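Q: One structure follows; several queries about it will come next.
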Amino acid sequence: MFFLSDMLNRKINLPKPSEALPGRARAIATAPRHFVSKRPLKGPYPDGLETAMFGLGCFWGAERLFWQTEGVWVTAVGYAGGITPNPTYQETCTGLTGHAEVVLVVFDPETVSYADLLRLFWESHDPTQGMRQGNDVGTAYRSAIYTSGDAQFQAAGASREAYQASLRGAGHGGITTEIAPAPAFYFAEADHQQYLAKNPHGYCNLKGTGIACAMPAAAS
């Protein structure tokens with residue numbers, strides 16, 4: 001018999017490859033352009049820009065956080081860090097794809113540094129909650145930083161250590177944020193792109209700890 005506890009357990013534990021949904025070979029359809037800036041979601045991006053990828057719970061509010069940041073050229077929401085190729089939103093929410101909901105951030109490092117984006121990431125959610133963010137429970141809502149290049153990887157790790165010290169000093173637990181080189185990014189469906197620009201009163205569960213993140217020199 002399949003119990004509710006089995007469903008919850010499935011959602012808070014990453015699937016094994018043998019358990020993951022099969023997905024599909026072809027990319028699912030998405031929006032061609034950013035709803036707010038009208039810039040192309042999939043590029044081409046101007047020379048000199050860099051990319052970053054962050055997961056901090058439900059990607060609707062997380063994306064708005066970044067597209068409103070000066071120096072960010074374009075953002076997109078999607079799925080990364082799992083097993084299933086080209087998953088849908090419904091599939092990702094089952095926990096059987098292994099993906100996190102993430103935001104792809106294309107930014108101008110001359111205007112906003114990667115350290116600035118890391119600070120925004122840490123301060124805008126609670127990175128100690130494991131496979132959840134507030135009321136959103138499941139592997140899709142885990143905290144994650146997927147890095148482009150060694151410099152980002154080192155900066156992300158240094159910032160995690162610094163923020164952990166600040167959190168512990170304030171009585172919080174250990175950071176559970178996953179930091180790894182950027183895996184494949186699968187663009188989410190058009191309805192999810194810039195969702196809160198289309199639905200200003202839509203759901204947003206972003207809530208930080210209230211603890212400031214002092215970035216170490218190694219992350220700047």
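Scheme for the structure tokens: letters A, B, ... for chains in order shown; per-chain residue numbers from 1; ligand numbers from 1 in order shown.
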Tell me, counting only C-alpha atoms, for each residue of stretch 86-128 of chain A within 10 Å of stretch 29-47 of chain A, which pair of atoms is nearest and how far apart they are in Å to one decimal, in rows ordered by chain and increasing number, as a tab-separated table.
A:
residue	atom	partner	partner_atom	distance
A:Asn86	CA	A:Ala29	CA	10.0
A:Thr88	CA	A:Ala29	CA	9.8
A:Leu104	CA	A:Leu41	CA	9.5
A:Val106	CA	A:Tyr45	CA	8.0
A:Phe107	CA	A:Tyr45	CA	9.6
A:Asp108	CA	A:Pro46	CA	9.3
Q: Save out the residues we just selected, N, CA and C atoms, as a short mmCIF file (atom, residue, chain, number, x, y, z; two decimals), in the first residue's frame.
A:
data_model
loop_
_atom_site.label_atom_id
_atom_site.label_comp_id
_atom_site.auth_asym_id
_atom_site.auth_seq_id
_atom_site.Cartn_x
_atom_site.Cartn_y
_atom_site.Cartn_z
N ASN A 86 14.98 17.50 -20.15
CA ASN A 86 13.86 18.32 -20.61
C ASN A 86 12.57 18.06 -19.81
N THR A 88 9.19 18.73 -17.43
CA THR A 88 8.13 19.73 -17.32
C THR A 88 8.03 20.19 -15.88
N LEU A 104 18.36 31.39 -14.07
CA LEU A 104 19.55 31.70 -14.86
C LEU A 104 19.69 33.22 -14.92
N VAL A 106 21.92 36.36 -16.39
CA VAL A 106 22.94 36.85 -17.31
C VAL A 106 23.23 38.29 -16.91
N PHE A 107 24.48 38.58 -16.54
CA PHE A 107 24.77 39.87 -15.93
C PHE A 107 26.05 40.49 -16.48
N ASP A 108 26.13 41.82 -16.31
CA ASP A 108 27.31 42.59 -16.71
C ASP A 108 28.21 42.77 -15.49
#
Q: Which residue out of A:Ala25, A:Val137, A:Ala100, A:Ile175 has the minimum interatomic distance to A:Gly81 when only C-alpha atoms are used?
A: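 Smallest separation from A:Gly81 among the options: A:Ala100.
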Q: Using only C-alpha atoms, which of the listed residues (A:Ala20, A:Cys213, A:Val72, A:Leu14) sits closest to A:Gly138?
A: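 Comparing A:Ala20, A:Cys213, A:Val72, A:Leu14 against A:Gly138, the winner is A:Leu14.
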Q: Which residues come within 12 Å of A:Gly98, counting only C-alpha atoms, excluding same-chain residues fewer than 5 positions away, as a VMD selection string?
A: chain A and resid 10 to 23 79 to 87 91 to 93 131 138 to 142
Q: Would you export the selected residues with N, CA and C atoms as a short mmCIF file (atom, residue, chain, number, x, y, z; two decimals), in the first residue's frame, please?
A:
data_model
loop_
_atom_site.label_atom_id
_atom_site.label_comp_id
_atom_site.auth_asym_id
_atom_site.auth_seq_id
_atom_site.Cartn_x
_atom_site.Cartn_y
_atom_site.Cartn_z
N ARG A 10 9.50 10.58 -0.86
CA ARG A 10 9.95 10.67 -2.25
C ARG A 10 10.28 12.10 -2.62
N LYS A 11 9.52 13.05 -2.08
CA LYS A 11 9.74 14.45 -2.43
C LYS A 11 10.96 15.04 -1.76
N ILE A 12 11.37 14.52 -0.62
CA ILE A 12 12.49 15.14 0.10
C ILE A 12 13.79 14.34 -0.05
N ASN A 13 13.77 13.31 -0.89
CA ASN A 13 14.98 12.56 -1.19
C ASN A 13 15.20 12.53 -2.70
N LEU A 14 16.42 12.84 -3.11
CA LEU A 14 16.71 12.84 -4.54
C LEU A 14 16.56 11.43 -5.10
N PRO A 15 16.00 11.30 -6.29
CA PRO A 15 15.79 9.97 -6.87
C PRO A 15 17.09 9.36 -7.37
N LYS A 16 17.14 8.05 -7.36
CA LYS A 16 18.22 7.34 -8.02
C LYS A 16 17.96 7.36 -9.52
N PRO A 17 18.99 7.20 -10.34
CA PRO A 17 18.75 7.18 -11.79
C PRO A 17 17.67 6.19 -12.21
N SER A 18 17.60 5.05 -11.54
CA SER A 18 16.60 4.05 -11.90
C SER A 18 15.18 4.47 -11.52
N GLU A 19 15.07 5.48 -10.64
CA GLU A 19 13.76 5.95 -10.18
C GLU A 19 13.29 7.18 -10.93
N ALA A 20 14.20 7.86 -11.63
CA ALA A 20 13.88 9.14 -12.25
C ALA A 20 12.96 8.97 -13.45
N LEU A 21 12.14 9.99 -13.68
CA LEU A 21 11.26 10.00 -14.84
C LEU A 21 12.09 10.07 -16.12
N PRO A 22 11.60 9.52 -17.22
CA PRO A 22 12.41 9.42 -18.44
C PRO A 22 12.61 10.74 -19.17
N GLY A 23 11.66 11.66 -19.05
CA GLY A 23 11.79 12.93 -19.76
C GLY A 23 11.61 12.76 -21.24
N TYR A 79 15.00 24.42 -14.83
CA TYR A 79 15.27 23.27 -13.99
C TYR A 79 16.70 22.81 -14.20
N ALA A 80 17.40 22.49 -13.09
CA ALA A 80 18.80 22.08 -13.20
C ALA A 80 19.17 21.22 -12.00
N GLY A 81 20.25 20.45 -12.18
CA GLY A 81 20.79 19.68 -11.07
C GLY A 81 20.20 18.30 -10.89
N GLY A 82 19.40 17.85 -11.85
CA GLY A 82 18.75 16.56 -11.71
C GLY A 82 19.16 15.55 -12.78
N ILE A 83 18.25 14.65 -13.08
CA ILE A 83 18.53 13.52 -13.96
C ILE A 83 17.70 13.57 -15.24
N THR A 84 16.42 13.85 -15.11
CA THR A 84 15.47 13.79 -16.22
C THR A 84 15.76 14.84 -17.28
N PRO A 85 15.94 14.48 -18.54
CA PRO A 85 16.18 15.47 -19.59
C PRO A 85 14.88 16.19 -19.99
N ASN A 86 14.98 17.50 -20.15
CA ASN A 86 13.86 18.32 -20.61
C ASN A 86 12.57 18.06 -19.81
N PRO A 87 12.64 18.24 -18.49
CA PRO A 87 11.45 17.96 -17.67
C PRO A 87 10.40 19.06 -17.79
N GLU A 91 6.39 17.47 -13.78
CA GLU A 91 7.32 16.38 -13.49
C GLU A 91 8.32 16.77 -12.41
N THR A 92 8.84 17.99 -12.49
CA THR A 92 9.81 18.45 -11.50
C THR A 92 9.20 18.50 -10.10
N CYS A 93 7.94 18.90 -10.03
CA CYS A 93 7.28 19.01 -8.73
C CYS A 93 7.05 17.65 -8.06
N MET A 131 15.62 20.26 2.03
CA MET A 131 14.77 20.08 0.85
C MET A 131 13.44 20.81 1.00
N GLY A 138 10.12 19.88 -0.79
CA GLY A 138 10.51 19.00 -1.87
C GLY A 138 11.88 19.32 -2.40
N THR A 139 12.46 18.37 -3.11
CA THR A 139 13.80 18.55 -3.66
C THR A 139 13.88 19.71 -4.64
N ALA A 140 12.78 20.03 -5.29
CA ALA A 140 12.77 21.12 -6.27
C ALA A 140 13.02 22.47 -5.62
N TYR A 141 12.82 22.56 -4.30
CA TYR A 141 12.93 23.85 -3.61
C TYR A 141 14.22 23.97 -2.81
N ARG A 142 15.17 23.09 -3.05
CA ARG A 142 16.42 23.14 -2.29
C ARG A 142 17.25 24.36 -2.71
#
Q: Just want the 10 Å neighbourhood of stretch 150-154 of chain A, counted on only C-alpha atoms, with same-chain residues fewer than 3 positions away dropped. Output as a list in words.
A: Thr51, Ala52, Tyr114, Ala115, Leu118, Ile145, Tyr146, Thr147, Gly157, Ala158, Ser159, Arg160, Ile179, Ala180, Pro181, Ala182, Ala218, Ala219 and Ser220 of chain A
Q: Can those selected residues be exported to a file as a tab-separated table (two decimals), in the first residue's frame so that it contains all heavy atoms?
A:
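Output saved as selection-v4.tsv:
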chain	number	residue	atom	x	y	z
A	51	THR	N	27.24	34.44	-16.89
A	51	THR	CA	26.03	33.76	-16.44
A	51	THR	C	26.24	33.18	-15.05
A	51	THR	O	27.35	32.80	-14.67
A	51	THR	CB	25.62	32.63	-17.40
A	51	THR	OG1	26.65	31.65	-17.46
A	51	THR	CG2	25.34	33.18	-18.79
A	52	ALA	N	25.15	33.12	-14.30
A	52	ALA	CA	25.14	32.51	-12.97
A	52	ALA	C	23.82	31.78	-12.82
A	52	ALA	O	22.85	32.07	-13.53
A	52	ALA	CB	25.31	33.58	-11.89
A	114	TYR	N	29.72	39.32	-9.27
A	114	TYR	CA	29.21	38.02	-8.84
A	114	TYR	C	29.05	38.00	-7.32
A	114	TYR	O	28.10	37.41	-6.80
A	114	TYR	CB	30.16	36.92	-9.29
A	114	TYR	CG	29.66	35.52	-8.99
A	114	TYR	CD1	28.47	35.05	-9.54
A	114	TYR	CD2	30.38	34.67	-8.16
A	114	TYR	CE1	28.01	33.77	-9.26
A	114	TYR	CE2	29.92	33.38	-7.88
A	114	TYR	CZ	28.74	32.94	-8.43
A	114	TYR	OH	28.29	31.67	-8.15
A	115	ALA	N	29.94	38.68	-6.61
A	115	ALA	CA	29.83	38.79	-5.16
A	115	ALA	C	28.53	39.48	-4.75
A	115	ALA	O	27.88	39.09	-3.78
A	115	ALA	CB	31.02	39.53	-4.58
A	118	LEU	N	25.83	36.92	-5.12
A	118	LEU	CA	25.90	35.96	-4.03
A	118	LEU	C	25.29	36.54	-2.75
A	118	LEU	O	24.55	35.85	-2.04
A	118	LEU	CB	27.35	35.56	-3.76
A	118	LEU	CG	27.99	34.61	-4.77
A	118	LEU	CD1	29.49	34.49	-4.50
A	118	LEU	CD2	27.35	33.22	-4.71
A	145	ILE	N	23.63	26.67	-5.71
A	145	ILE	CA	24.40	27.59	-6.54
A	145	ILE	C	25.13	26.73	-7.56
A	145	ILE	O	25.93	25.86	-7.20
A	145	ILE	CB	25.43	28.39	-5.73
A	145	ILE	CG1	24.76	29.17	-4.60
A	145	ILE	CG2	26.21	29.34	-6.65
A	145	ILE	CD1	25.76	29.84	-3.66
A	146	TYR	N	24.84	26.95	-8.84
A	146	TYR	CA	25.52	26.24	-9.90
A	146	TYR	C	26.43	27.24	-10.62
A	146	TYR	O	25.97	28.28	-11.10
A	146	TYR	CB	24.52	25.60	-10.85
A	146	TYR	CG	23.66	24.55	-10.18
A	146	TYR	CD1	22.27	24.59	-10.24
A	146	TYR	CD2	24.24	23.52	-9.44
A	146	TYR	CE1	21.49	23.62	-9.61
A	146	TYR	CE2	23.48	22.56	-8.80
A	146	TYR	CZ	22.10	22.62	-8.90
A	146	TYR	OH	21.34	21.66	-8.26
A	147	THR	N	27.71	26.94	-10.65
A	147	THR	CA	28.71	27.94	-11.01
A	147	THR	C	29.24	27.78	-12.43
A	147	THR	O	29.31	26.68	-12.97
A	147	THR	CB	29.90	27.87	-10.04
A	147	THR	OG1	30.46	26.54	-10.07
A	147	THR	CG2	29.44	28.17	-8.63
A	157	GLY	N	31.95	29.11	-2.62
A	157	GLY	CA	32.37	28.37	-1.45
A	157	GLY	C	32.82	29.28	-0.32
A	157	GLY	O	32.49	29.06	0.85
A	158	ALA	N	33.59	30.31	-0.66
A	158	ALA	CA	34.07	31.25	0.36
A	158	ALA	C	32.91	32.01	0.99
A	158	ALA	O	32.88	32.24	2.21
A	158	ALA	CB	35.07	32.23	-0.27
A	159	SER	N	31.93	32.38	0.16
A	159	SER	CA	30.77	33.11	0.70
A	159	SER	C	29.94	32.21	1.61
A	159	SER	O	29.39	32.68	2.61
A	159	SER	CB	29.92	33.67	-0.44
A	159	SER	OG	29.23	32.64	-1.14
A	160	ARG	N	29.85	30.92	1.27
A	160	ARG	CA	29.10	30.00	2.13
A	160	ARG	C	29.74	29.89	3.51
A	160	ARG	O	29.05	29.92	4.53
A	160	ARG	CB	29.01	28.62	1.48
A	160	ARG	CG	28.27	27.59	2.34
A	160	ARG	CD	28.06	26.27	1.62
A	160	ARG	NE	29.32	25.68	1.18
A	160	ARG	CZ	29.40	24.58	0.43
A	160	ARG	NH1	28.29	23.97	0.02
A	160	ARG	NH2	30.58	24.09	0.07
A	179	ILE	N	26.56	23.46	-3.84
A	179	ILE	CA	27.40	24.26	-4.74
A	179	ILE	C	28.09	23.29	-5.68
A	179	ILE	O	28.79	22.38	-5.24
A	179	ILE	CB	28.43	25.10	-3.97
A	179	ILE	CG1	27.72	26.09	-3.03
A	179	ILE	CG2	29.34	25.85	-4.94
A	179	ILE	CD1	28.68	26.92	-2.19
A	180	ALA	N	27.90	23.49	-6.98
A	180	ALA	CA	28.47	22.58	-7.97
A	180	ALA	C	28.62	23.29	-9.30
A	180	ALA	O	27.93	24.29	-9.56
A	180	ALA	CB	27.57	21.35	-8.13
A	181	PRO	N	29.54	22.81	-10.16
A	181	PRO	CA	29.63	23.36	-11.51
A	181	PRO	C	28.29	23.26	-12.21
A	181	PRO	O	27.54	22.29	-12.02
A	181	PRO	CB	30.69	22.48	-12.18
A	181	PRO	CG	31.53	21.99	-11.04
A	181	PRO	CD	30.56	21.78	-9.90
A	182	ALA	N	27.98	24.25	-13.02
A	182	ALA	CA	26.66	24.33	-13.65
A	182	ALA	C	26.37	23.10	-14.51
A	182	ALA	O	27.14	22.78	-15.42
A	182	ALA	CB	26.57	25.59	-14.50
A	218	ALA	N	37.82	36.81	-0.62
A	218	ALA	CA	37.98	35.74	-1.60
A	218	ALA	C	36.80	35.59	-2.50
A	218	ALA	O	36.88	34.99	-3.56
A	218	ALA	CB	38.23	34.41	-0.86
A	219	ALA	N	35.63	36.15	-2.11
A	219	ALA	CA	34.44	36.02	-2.92
A	219	ALA	C	34.18	37.26	-3.75
A	219	ALA	O	33.23	37.30	-4.52
A	219	ALA	CB	33.22	35.75	-2.03
A	220	SER	N	35.01	38.27	-3.61
A	220	SER	CA	34.76	39.53	-4.32
A	220	SER	C	35.42	39.52	-5.69
A	220	SER	O	36.28	38.71	-5.97
A	220	SER	CB	35.30	40.68	-3.49
A	220	SER	OG	34.67	40.71	-2.23
Q: Between atom CA of A:Gln90 and atom CA of A:Pro200, what is the distance in Å, rounded to a tenth?
A: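 Separating atom CA of A:Gln90 from atom CA of A:Pro200 is a distance of 22.4 Å.
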Q: Mind pulling up the distance from atom CA of A:Ser166 to atom CA of A:Ala212?
A: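 About the pair atom CA of A:Ala212 and atom CA of A:Ser166: they are 7.8 Å apart.
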Q: In terms of the shortest atom-to-atom distance over only C-alpha atoms, which of A:Trp73, A:Phe121, A:Tyr163, A:Trp60 is closest to A:Tyr195?
A: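 Closest to A:Tyr195 of all the choices is A:Trp60.
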Q: As a ChimeraX atom specification, please: every residue in stretch 2-110 of chain A that a backbone DSSP assignment puts in strand (DSSP E).
A: /A:50-56,72-80,100-107
Q: Please determine, counting only C-alpha atoms, which residue among A:Ala27, A:Val105, A:Ala214, A:Leu206 has the shortest atom-to-atom distance to A:Glu161.
A: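 When distances to A:Glu161 are compared using only C-alpha atoms, the smallest one comes from A:Ala214.
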Q: Record the distance separating atom CA of A:Tyr89 and atom CA of A:His192, expressed in Å with one decimal.
A: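 Going from atom CA of A:Tyr89 over to atom CA of A:His192, I get 8.8 Å.
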Q: Within 9 Å of A:Glu70, counting only C-alpha atoms, which residues show up once you throw out same-chain ones fewer than 4 positions away? Write them as a list in words, please.
A: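 Listing them by chain and then by number gives Phe66, Phe107, Thr111 and Val112 of chain A.
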Q: Could those selected residues go to a file with C-alpha atoms, as an mmCIF file, in the first residue's frame?
A:
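out_6.cif written:
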data_model
loop_
_atom_site.group_PDB
_atom_site.id
_atom_site.type_symbol
_atom_site.label_atom_id
_atom_site.label_comp_id
_atom_site.auth_asym_id
_atom_site.auth_seq_id
_atom_site.Cartn_x
_atom_site.Cartn_y
_atom_site.Cartn_z
ATOM 1 C CA PHE A 66 17.327 39.192 -9.929
ATOM 2 C CA PHE A 107 24.773 39.868 -15.930
ATOM 3 C CA THR A 111 27.921 46.888 -13.226
ATOM 4 C CA VAL A 112 27.061 44.121 -10.762
#
Q: As a CSV table (one decimal) with all heavy atoms, in the first residue's frame, list the residues of stretch 96-157 of chain A assigned to alpha helix (DSSP H) by DSSP on the backbone atoms of this structure.
A:
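The result, written out as selection28.csv:
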chain,number,residue,atom,x,y,z
A,114,TYR,N,29.7,39.3,-9.3
A,114,TYR,CA,29.2,38.0,-8.8
A,114,TYR,C,29.0,38.0,-7.3
A,114,TYR,O,28.1,37.4,-6.8
A,114,TYR,CB,30.2,36.9,-9.3
A,114,TYR,CG,29.7,35.5,-9.0
A,114,TYR,CD1,28.5,35.1,-9.5
A,114,TYR,CD2,30.4,34.7,-8.2
A,114,TYR,CE1,28.0,33.8,-9.3
A,114,TYR,CE2,29.9,33.4,-7.9
A,114,TYR,CZ,28.7,32.9,-8.4
A,114,TYR,OH,28.3,31.7,-8.2
A,115,ALA,N,29.9,38.7,-6.6
A,115,ALA,CA,29.8,38.8,-5.2
A,115,ALA,C,28.5,39.5,-4.8
A,115,ALA,O,27.9,39.1,-3.8
A,115,ALA,CB,31.0,39.5,-4.6
A,116,ASP,N,28.1,40.5,-5.5
A,116,ASP,CA,26.9,41.2,-5.2
A,116,ASP,C,25.7,40.2,-5.4
A,116,ASP,O,24.7,40.2,-4.6
A,116,ASP,CB,26.7,42.4,-6.2
A,116,ASP,CG,27.6,43.5,-6.0
A,116,ASP,OD1,28.1,43.7,-4.8
A,116,ASP,OD2,28.0,44.2,-6.9
A,117,LEU,N,25.7,39.4,-6.4
A,117,LEU,CA,24.7,38.4,-6.7
A,117,LEU,C,24.7,37.3,-5.6
A,117,LEU,O,23.6,36.9,-5.1
A,117,LEU,CB,24.8,37.7,-8.0
A,117,LEU,CG,24.8,38.7,-9.2
A,117,LEU,CD1,25.0,37.9,-10.5
A,117,LEU,CD2,23.4,39.4,-9.3
A,118,LEU,N,25.8,36.9,-5.1
A,118,LEU,CA,25.9,36.0,-4.0
A,118,LEU,C,25.3,36.5,-2.8
A,118,LEU,O,24.5,35.9,-2.0
A,118,LEU,CB,27.4,35.6,-3.8
A,118,LEU,CG,28.0,34.6,-4.8
A,118,LEU,CD1,29.5,34.5,-4.5
A,118,LEU,CD2,27.4,33.2,-4.7
A,119,ARG,N,25.6,37.8,-2.5
A,119,ARG,CA,25.0,38.4,-1.3
A,119,ARG,C,23.5,38.5,-1.4
A,119,ARG,O,22.8,38.1,-0.4
A,119,ARG,CB,25.6,39.8,-1.1
A,119,ARG,CG,25.1,40.5,0.2
A,119,ARG,CD,25.5,42.0,0.3
A,119,ARG,NE,27.0,42.0,0.4
A,119,ARG,CZ,27.8,42.5,-0.6
A,119,ARG,NH1,27.3,42.9,-1.8
A,119,ARG,NH2,29.1,42.5,-0.4
A,120,LEU,N,23.0,38.8,-2.5
A,120,LEU,CA,21.6,38.9,-2.7
A,120,LEU,C,20.9,37.5,-2.5
A,120,LEU,O,19.9,37.3,-1.9
A,120,LEU,CB,21.3,39.4,-4.1
A,120,LEU,CG,19.8,39.6,-4.5
A,120,LEU,CD1,19.2,40.7,-3.6
A,120,LEU,CD2,19.7,40.1,-6.0
A,121,PHE,N,21.6,36.5,-3.0
A,121,PHE,CA,21.2,35.1,-2.9
A,121,PHE,C,21.1,34.7,-1.4
A,121,PHE,O,20.0,34.2,-1.0
A,121,PHE,CB,22.1,34.2,-3.7
A,121,PHE,CG,22.0,32.7,-3.3
A,121,PHE,CD1,21.0,31.9,-3.9
A,121,PHE,CD2,22.9,32.1,-2.4
A,121,PHE,CE1,20.9,30.6,-3.6
A,121,PHE,CE2,22.8,30.7,-2.1
A,121,PHE,CZ,21.8,30.0,-2.7
A,122,TRP,N,22.2,34.8,-0.7
A,122,TRP,CA,22.2,34.4,0.7
A,122,TRP,C,21.2,35.1,1.6
A,122,TRP,O,20.5,34.5,2.4
A,122,TRP,CB,23.6,34.6,1.3
A,122,TRP,CG,24.7,33.7,0.7
A,122,TRP,CD1,25.8,34.1,0.1
A,122,TRP,CD2,24.7,32.3,0.8
A,122,TRP,NE1,26.5,33.0,-0.3
A,122,TRP,CE2,25.9,31.9,0.1
A,122,TRP,CE3,23.9,31.3,1.3
A,122,TRP,CZ2,26.3,30.6,0.0
A,122,TRP,CZ3,24.2,30.0,1.1
A,122,TRP,CH2,25.4,29.6,0.5
A,123,GLU,N,21.0,36.4,1.3
A,123,GLU,CA,20.2,37.2,2.2
A,123,GLU,C,18.7,37.1,1.9
A,123,GLU,O,17.8,37.6,2.7
A,123,GLU,CB,20.6,38.7,2.2
A,123,GLU,CG,22.0,38.9,2.8
A,123,GLU,CD,22.4,40.4,2.7
A,123,GLU,OE1,21.7,41.2,2.1
A,123,GLU,OE2,23.5,40.7,3.3
A,150,ASP,N,35.8,28.2,-12.5
A,150,ASP,CA,36.5,28.0,-11.2
A,150,ASP,C,36.3,29.3,-10.3
A,150,ASP,O,36.2,29.1,-9.1
A,150,ASP,CB,37.9,27.7,-11.4
A,150,ASP,CG,38.6,27.3,-10.1
A,150,ASP,OD1,38.2,26.2,-9.5
A,150,ASP,OD2,39.5,28.0,-9.7
A,151,ALA,N,36.4,30.4,-10.9
A,151,ALA,CA,36.4,31.7,-10.1
A,151,ALA,C,35.0,31.7,-9.3
A,151,ALA,O,35.0,32.1,-8.1
A,151,ALA,CB,36.6,32.9,-10.9
A,152,GLN,N,33.9,31.5,-10.0
A,152,GLN,CA,32.6,31.5,-9.4
A,152,GLN,C,32.5,30.4,-8.3
A,152,GLN,O,32.0,30.6,-7.2
A,152,GLN,CB,31.5,31.3,-10.4
A,152,GLN,CG,31.2,32.5,-11.2
A,152,GLN,CD,29.9,32.4,-12.0
A,152,GLN,OE1,29.1,31.4,-11.8
A,152,GLN,NE2,29.6,33.3,-12.9
A,153,PHE,N,33.1,29.2,-8.6
A,153,PHE,CA,33.0,28.1,-7.7
A,153,PHE,C,33.7,28.4,-6.4
A,153,PHE,O,33.2,28.2,-5.3
A,153,PHE,CB,33.6,26.8,-8.3
A,153,PHE,CG,33.5,25.6,-7.5
A,153,PHE,CD1,32.3,24.9,-7.4
A,153,PHE,CD2,34.6,25.2,-6.7
A,153,PHE,CE1,32.2,23.7,-6.6
A,153,PHE,CE2,34.5,24.0,-5.9
A,153,PHE,CZ,33.3,23.3,-5.9
A,154,GLN,N,34.9,29.0,-6.5
A,154,GLN,CA,35.7,29.4,-5.3
A,154,GLN,C,35.0,30.5,-4.5
A,154,GLN,O,34.9,30.5,-3.3
A,154,GLN,CB,37.1,29.8,-5.7
A,154,GLN,CG,37.9,28.7,-6.4
A,154,GLN,CD,38.2,27.6,-5.5
A,154,GLN,OE1,38.3,27.7,-4.3
A,154,GLN,NE2,38.2,26.4,-6.1
A,155,ALA,N,34.4,31.5,-5.3
A,155,ALA,CA,33.7,32.6,-4.6
A,155,ALA,C,32.5,32.1,-3.9
A,155,ALA,O,32.2,32.5,-2.8
A,155,ALA,CB,33.4,33.7,-5.6
A,156,ALA,N,31.8,31.2,-4.5
A,156,ALA,CA,30.6,30.7,-3.9
A,156,ALA,C,30.9,29.9,-2.6
A,156,ALA,O,30.2,30.1,-1.5
A,156,ALA,CB,29.8,29.8,-4.8
A,157,GLY,N,32.0,29.1,-2.6
A,157,GLY,CA,32.4,28.4,-1.4
A,157,GLY,C,32.8,29.3,-0.3
A,157,GLY,O,32.5,29.1,0.9
